[in-house]
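Dropping my_file-v4.tsv in here (TSV, C-alpha atoms):
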```tsv
chain	number	residue	atom	x	y	z
A	1	MET	CA	34.18	64.83	-92.22
A	2	ARG	CA	35.32	65.77	-88.73
A	3	ASP	CA	33.95	64.21	-85.51
A	4	ASP	CA	32.10	67.37	-84.49
A	5	ASP	CA	30.34	67.43	-87.89
A	6	ASP	CA	28.79	64.02	-87.20
A	7	PRO	CA	25.09	64.62	-86.35
A	8	ASN	CA	25.01	61.54	-84.07
A	9	LEU	CA	27.68	63.01	-81.81
A	10	LYS	CA	25.86	66.32	-81.34
A	11	ASP	CA	22.68	64.66	-80.08
A	12	PRO	CA	23.49	61.78	-77.72
A	13	GLU	CA	19.91	60.48	-77.92
A	14	ALA	CA	19.91	60.36	-81.73
A	15	LYS	CA	19.94	56.84	-83.17
A	16	PRO	CA	21.82	56.12	-86.38
A	17	ASP	CA	19.75	55.17	-89.40
A	18	VAL	CA	21.81	52.00	-89.84
A	19	PRO	CA	19.73	48.83	-89.38
A	20	GLY	CA	21.00	46.02	-87.10
A	21	VAL	CA	22.69	45.89	-83.71
A	22	SER	CA	25.18	48.55	-82.66
A	23	ARG	CA	28.54	47.62	-81.19
A	24	ARG	CA	27.43	48.94	-77.81
A	25	ASP	CA	24.24	46.85	-77.86
A	26	PHE	CA	26.25	43.83	-79.00
A	27	LEU	CA	28.64	44.22	-76.05
A	28	LYS	CA	25.75	44.62	-73.59
A	29	ILE	CA	24.00	41.52	-74.91
A	30	SER	CA	27.24	39.52	-74.92
A	31	GLY	CA	28.12	40.54	-71.38
A	32	MET	CA	24.68	39.68	-70.07
A	33	SER	CA	24.61	36.34	-71.84
A	34	ILE	CA	27.95	35.43	-70.24
A	35	ALA	CA	27.12	36.72	-66.74
A	36	LEU	CA	23.51	35.58	-66.49
A	37	PRO	CA	24.20	31.86	-66.09
A	38	LEU	CA	26.80	32.66	-63.44
A	39	VAL	CA	24.49	34.66	-61.16
A	40	ALA	CA	20.98	33.52	-61.97
A	41	ASP	CA	19.82	30.65	-59.80
A	42	SER	CA	23.03	28.64	-60.00
A	43	GLN	CA	23.20	26.49	-56.85
A	44	THR	CA	26.14	24.28	-57.81
A	45	ALA	CA	29.24	24.64	-59.89
A	46	MET	CA	31.91	22.28	-61.13
A	47	ALA	CA	35.21	22.63	-59.24
A	48	ALA	CA	38.09	20.16	-59.34
A	49	GLY	CA	35.83	17.67	-61.09
A	50	GLN	CA	33.11	17.76	-58.40
A	51	GLN	CA	29.84	19.62	-57.98
A	52	VAL	CA	30.15	22.10	-55.11
A	53	ALA	CA	27.52	24.37	-53.60
A	54	VAL	CA	27.52	28.02	-54.61
A	55	HIS	CA	26.53	30.52	-51.90
A	56	GLY	CA	25.73	34.19	-52.22
A	57	PRO	CA	26.16	36.81	-53.43
A	58	GLY	CA	23.77	37.94	-50.68
A	59	LYS	CA	23.24	36.69	-47.15
A	60	VAL	CA	22.67	32.99	-46.61
A	61	PRO	CA	21.29	31.24	-43.51
A	62	MET	CA	23.98	29.68	-41.30
A	63	GLU	CA	23.85	27.62	-38.13
A	64	PHE	CA	26.59	27.47	-35.50
A	65	SER	CA	27.38	25.63	-32.29
A	66	ILE	CA	29.19	28.22	-30.17
A	67	ASN	CA	30.12	27.53	-26.56
A	68	GLY	CA	27.55	24.75	-26.40
A	69	ARG	CA	24.70	26.89	-27.75
A	70	ARG	CA	23.00	26.60	-31.13
A	71	LEU	CA	22.95	29.97	-32.88
A	72	LYS	CA	21.58	30.97	-36.29
A	73	ALA	CA	22.33	33.98	-38.46
A	74	ASP	CA	21.99	35.22	-42.02
A	75	LEU	CA	25.49	36.18	-43.14
A	76	GLU	CA	27.28	36.87	-46.39
A	77	PRO	CA	29.64	34.03	-47.38
A	78	ARG	CA	32.63	36.39	-47.15
A	79	VAL	CA	32.16	37.08	-43.40
A	80	THR	CA	34.93	35.72	-41.18
A	81	LEU	CA	34.27	33.70	-38.06
A	82	LEU	CA	35.74	36.55	-36.00
A	83	ASP	CA	33.28	39.06	-37.50
A	84	ALA	CA	30.36	36.69	-36.93
A	85	LEU	CA	31.35	36.10	-33.30
A	86	ARG	CA	31.88	39.75	-32.46
A	87	ASP	CA	29.31	41.55	-34.63
A	88	GLN	CA	26.46	39.06	-34.95
A	89	PHE	CA	26.58	37.15	-31.66
A	90	GLU	CA	28.32	39.75	-29.43
A	91	ILE	CA	30.92	37.21	-28.23
A	92	THR	CA	33.89	39.51	-27.84
A	93	GLY	CA	36.64	37.40	-26.22
A	94	ALA	CA	38.41	36.87	-29.55
A	95	LYS	CA	40.02	40.16	-30.55
A	96	ARG	CA	40.90	41.68	-33.93
A	97	VAL	CA	44.52	42.78	-33.80
A	98	CYS	CA	46.52	41.98	-36.92
A	99	ASP	CA	43.62	40.68	-39.08
A	100	ARG	CA	46.18	38.51	-40.92
A	101	GLY	CA	46.38	35.36	-38.79
A	102	GLU	CA	49.75	36.23	-37.26
A	103	CYS	CA	49.23	37.36	-33.67
A	104	GLY	CA	46.83	34.81	-32.16
A	105	ALA	CA	44.58	37.28	-30.33
A	106	CYS	CA	41.56	35.92	-32.22
A	107	THR	CA	42.25	32.24	-31.45
A	108	VAL	CA	39.22	30.02	-30.86
A	109	LEU	CA	38.77	26.26	-30.83
A	110	LEU	CA	37.04	24.94	-33.94
A	111	ASP	CA	36.28	21.25	-33.65
A	112	ASN	CA	38.73	21.20	-30.67
A	113	ARG	CA	41.57	22.60	-32.77
A	114	PRO	CA	42.96	26.12	-32.34
A	115	VAL	CA	42.33	28.39	-35.33
A	116	TYR	CA	42.73	32.08	-36.04
A	117	SER	CA	39.11	33.17	-36.36
A	118	CYS	CA	40.13	36.14	-38.54
A	119	SER	CA	41.34	33.66	-41.17
A	120	VAL	CA	38.37	31.26	-41.18
A	121	LEU	CA	35.18	32.02	-43.06
A	122	ALA	CA	32.07	31.66	-40.93
A	123	ILE	CA	30.47	29.51	-43.61
A	124	GLU	CA	33.30	26.97	-43.16
A	125	ALA	CA	32.71	26.81	-39.40
A	126	GLN	CA	29.05	25.88	-39.62
A	127	ARG	CA	27.84	22.92	-37.56
A	128	LYS	CA	31.27	22.41	-36.00
A	129	PRO	CA	31.74	22.98	-32.27
A	130	ILE	CA	33.28	26.40	-31.63
A	131	ALA	CA	34.71	27.25	-28.20
A	132	THR	CA	35.82	30.74	-27.22
A	133	VAL	CA	37.50	31.96	-24.05
A	134	GLU	CA	34.04	32.70	-22.64
A	135	SER	CA	33.32	28.95	-22.46
A	136	LEU	CA	36.35	28.06	-20.33
A	137	MET	CA	35.07	29.31	-16.99
A	138	GLN	CA	32.65	26.77	-15.49
A	139	SER	CA	30.32	27.49	-12.54
A	140	GLY	CA	32.17	30.68	-11.70
A	141	LYS	CA	35.52	28.89	-11.46
A	142	LEU	CA	38.40	29.78	-13.80
A	143	HIS	CA	39.85	27.10	-16.04
A	144	PRO	CA	43.31	26.01	-14.79
A	145	VAL	CA	44.98	27.82	-17.70
A	146	GLN	CA	43.11	31.02	-16.88
A	147	GLN	CA	44.05	30.63	-13.22
A	148	ALA	CA	47.71	30.08	-14.16
A	149	PHE	CA	47.67	33.31	-16.18
A	150	VAL	CA	46.26	35.16	-13.14
A	151	ASP	CA	48.62	33.52	-10.64
A	152	ASN	CA	51.70	34.27	-12.74
A	153	ASP	CA	50.76	37.79	-13.87
A	154	ALA	CA	50.85	36.62	-17.48
A	155	SER	CA	48.17	38.95	-18.78
A	156	GLN	CA	50.49	41.86	-19.77
A	157	CYS	CA	48.11	44.49	-21.17
A	158	GLY	CA	45.37	41.86	-21.45
A	159	PHE	CA	44.18	42.59	-24.97
A	160	CYS	CA	45.53	39.41	-26.56
A	161	THR	CA	45.31	37.27	-23.40
A	162	PRO	CA	42.02	35.53	-24.34
A	163	GLY	CA	43.55	34.20	-27.55
A	164	PHE	CA	46.67	33.03	-25.73
A	165	VAL	CA	44.58	31.32	-23.04
A	166	VAL	CA	42.61	29.41	-25.68
A	167	ALA	CA	45.81	28.45	-27.52
A	168	CYS	CA	47.44	27.25	-24.28
A	169	LYS	CA	44.35	25.24	-23.36
A	170	ALA	CA	44.52	23.50	-26.74
A	171	PHE	CA	48.26	22.92	-26.38
A	172	LEU	CA	47.89	21.38	-22.93
A	173	ALA	CA	44.78	19.32	-23.71
A	174	PRO	CA	45.18	15.55	-23.96
A	175	ASP	CA	45.50	14.30	-27.51
A	176	PRO	CA	42.10	12.83	-28.47
A	177	ARG	CA	43.81	10.37	-30.85
A	178	GLY	CA	45.74	8.79	-27.97
A	179	HIS	CA	49.20	9.77	-29.24
A	180	SER	CA	51.90	10.13	-26.63
A	181	PRO	CA	52.34	13.71	-25.43
A	182	ARG	CA	55.16	15.82	-26.83
A	183	PHE	CA	56.08	16.96	-23.34
A	184	GLU	CA	55.46	16.11	-19.73
A	185	ARG	CA	53.25	18.51	-17.80
A	186	GLU	CA	55.65	18.31	-14.87
A	187	SER	CA	58.32	19.88	-17.07
A	188	LEU	CA	56.28	23.11	-17.10
A	189	PRO	CA	56.54	24.28	-13.47
A	190	LEU	CA	54.50	27.46	-14.03
A	191	TRP	CA	51.33	25.65	-14.97
A	192	HIS	CA	50.81	23.22	-12.06
A	193	LEU	CA	48.10	21.48	-14.06
```

Please go through the file and, once you have read it, give me the structure as structure tokens.
Amino acid sequence: MRDDDDPNLKDPEAKPDVPGVSRRDFLKISGMSIALPLVADSQTAMAAGQQVAVHGPGKVPMEFSINGRRLKADLEPRVTLLDALRDQFEITGAKRVCDRGECGACTVLLDNRPVYSCSVLAIEAQRKPIATVESLMQSGKLHPVQQAFVDNDASQCGFCTPGFVVACKAFLAPDPRGHSPRFERESLPLWHL
């Protein structure tokens, strides 16, 4: 018997007269029975011997502290901090340039440490203080690092300058742990800080 002589192949809706479960139905049932526990109402999972929270696959509520303000948003767990800042909160100082954590144009301070916001998930930055270049200017007065960039024509084209300003601020900030500085400010004559 050839394949085109098989009556089941001529009519795709025709069911075989064989009792039981077809291979196709078996595969569907097996796939659903494996996937269902993974996506249906699972709030925790075992990872590295510990229970960890599972978020998603849709949007989840998140809360941020950005530039001294409390902000809330519903975001997918895969959204980067850079995307949340720019798209959700319209804070555009951090720029997307390389999108690989190489150039520094997206640098922000997360918990007073410089990070590439294109490489940090927004869900990881929740409830930690986030400072962008927009927070540096106080009462209409530029931060000393911003003023040094202006005074020394350090802005070049200006696109990546906000990230560099934030990185320099973090570099020049006193060490909160009280460690001795790696350099003396007087050894950097351009900064006059």

Residues at most 6 Å from stretch 124-136 of chain A, counting all atoms listed in the file, excluding those fewer than 3 positions away in the same chain, as a ChimeraX atom specification?
/A:63-67,93,108-111,121,143,162,166

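Restricting the calculation to all atoms listed in the file, the smallest distance between A:Ala105 and any of A:Met46, A:Leu142, A:Ala167, A:Ile123 is found for A:Ala167.
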
Shortest interatomic distance to A:Gly158 - which of A:Met137, A:Ala122, A:Lys95, A:Ser117, counting only C-alpha atoms
A:Lys95

Given only C-alpha atoms as the basis, pick out the residue of A:Cys106, A:Ala53, A:Arg70, A:Arg78 nearest to A:Val165.
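Selected residue with least distance to A:Val165: A:Cys106.
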
Which of A:Cys103, A:Val145, A:Leu71, A:Val120 sits closest to A:Phe159 [using only C-alpha atoms]
A:Cys103

In Å and to one decimal, atom CA of A:Thr161 is distant from atom CA of A:Asn112 by 18.8 Å

Restricting the calculation to all atoms listed in the file, which member of A:Gln50, A:Gln88, A:Ser119, A:Thr107 is positioned closest to A:Ala73?
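Distance minimum relative to A:Ala73 lands on A:Gln88.
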
For the atom pair atom CA of A:Phe149 and atom CA of A:Cys168, what is the interatomic distance in Å to one decimal place?
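Going from atom CA of A:Phe149 over to atom CA of A:Cys168 covers 10.1 Å.
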
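Atom pair atom CA of A:Leu75 / atom CA of A:Lys59: separated by 4.6 Å.
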
May I have the protein, DNA and RNA residues with an atom at most 7 Å from (45.9, 19.7, -30.4), counting only C-alpha atoms in the file's coordinates, returned as a list of chain:residue names?
A:Arg113, A:Ala170, A:Phe171, A:Ala173, A:Asp175

May I have the residues from that selection written out with C-alpha atoms, as a PDB file, in the frame of the given file?
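The resulting file, out00.pdb, is reproduced below:
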```pdb
ATOM      1  CA  ARG A 113      41.570  22.600 -32.770  1.00  0.00           C
ATOM      2  CA  ALA A 170      44.520  23.500 -26.740  1.00  0.00           C
ATOM      3  CA  PHE A 171      48.260  22.920 -26.380  1.00  0.00           C
ATOM      4  CA  ALA A 173      44.780  19.320 -23.710  1.00  0.00           C
ATOM      5  CA  ASP A 175      45.500  14.300 -27.510  1.00  0.00           C
TER       6      ASP A 175
END
```

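Candidate residues A:Ser139, A:Val97, A:Pro61, A:Thr92 were compared for distance to A:Pro77, and the nearest is A:Pro61, using all atoms listed in the file.
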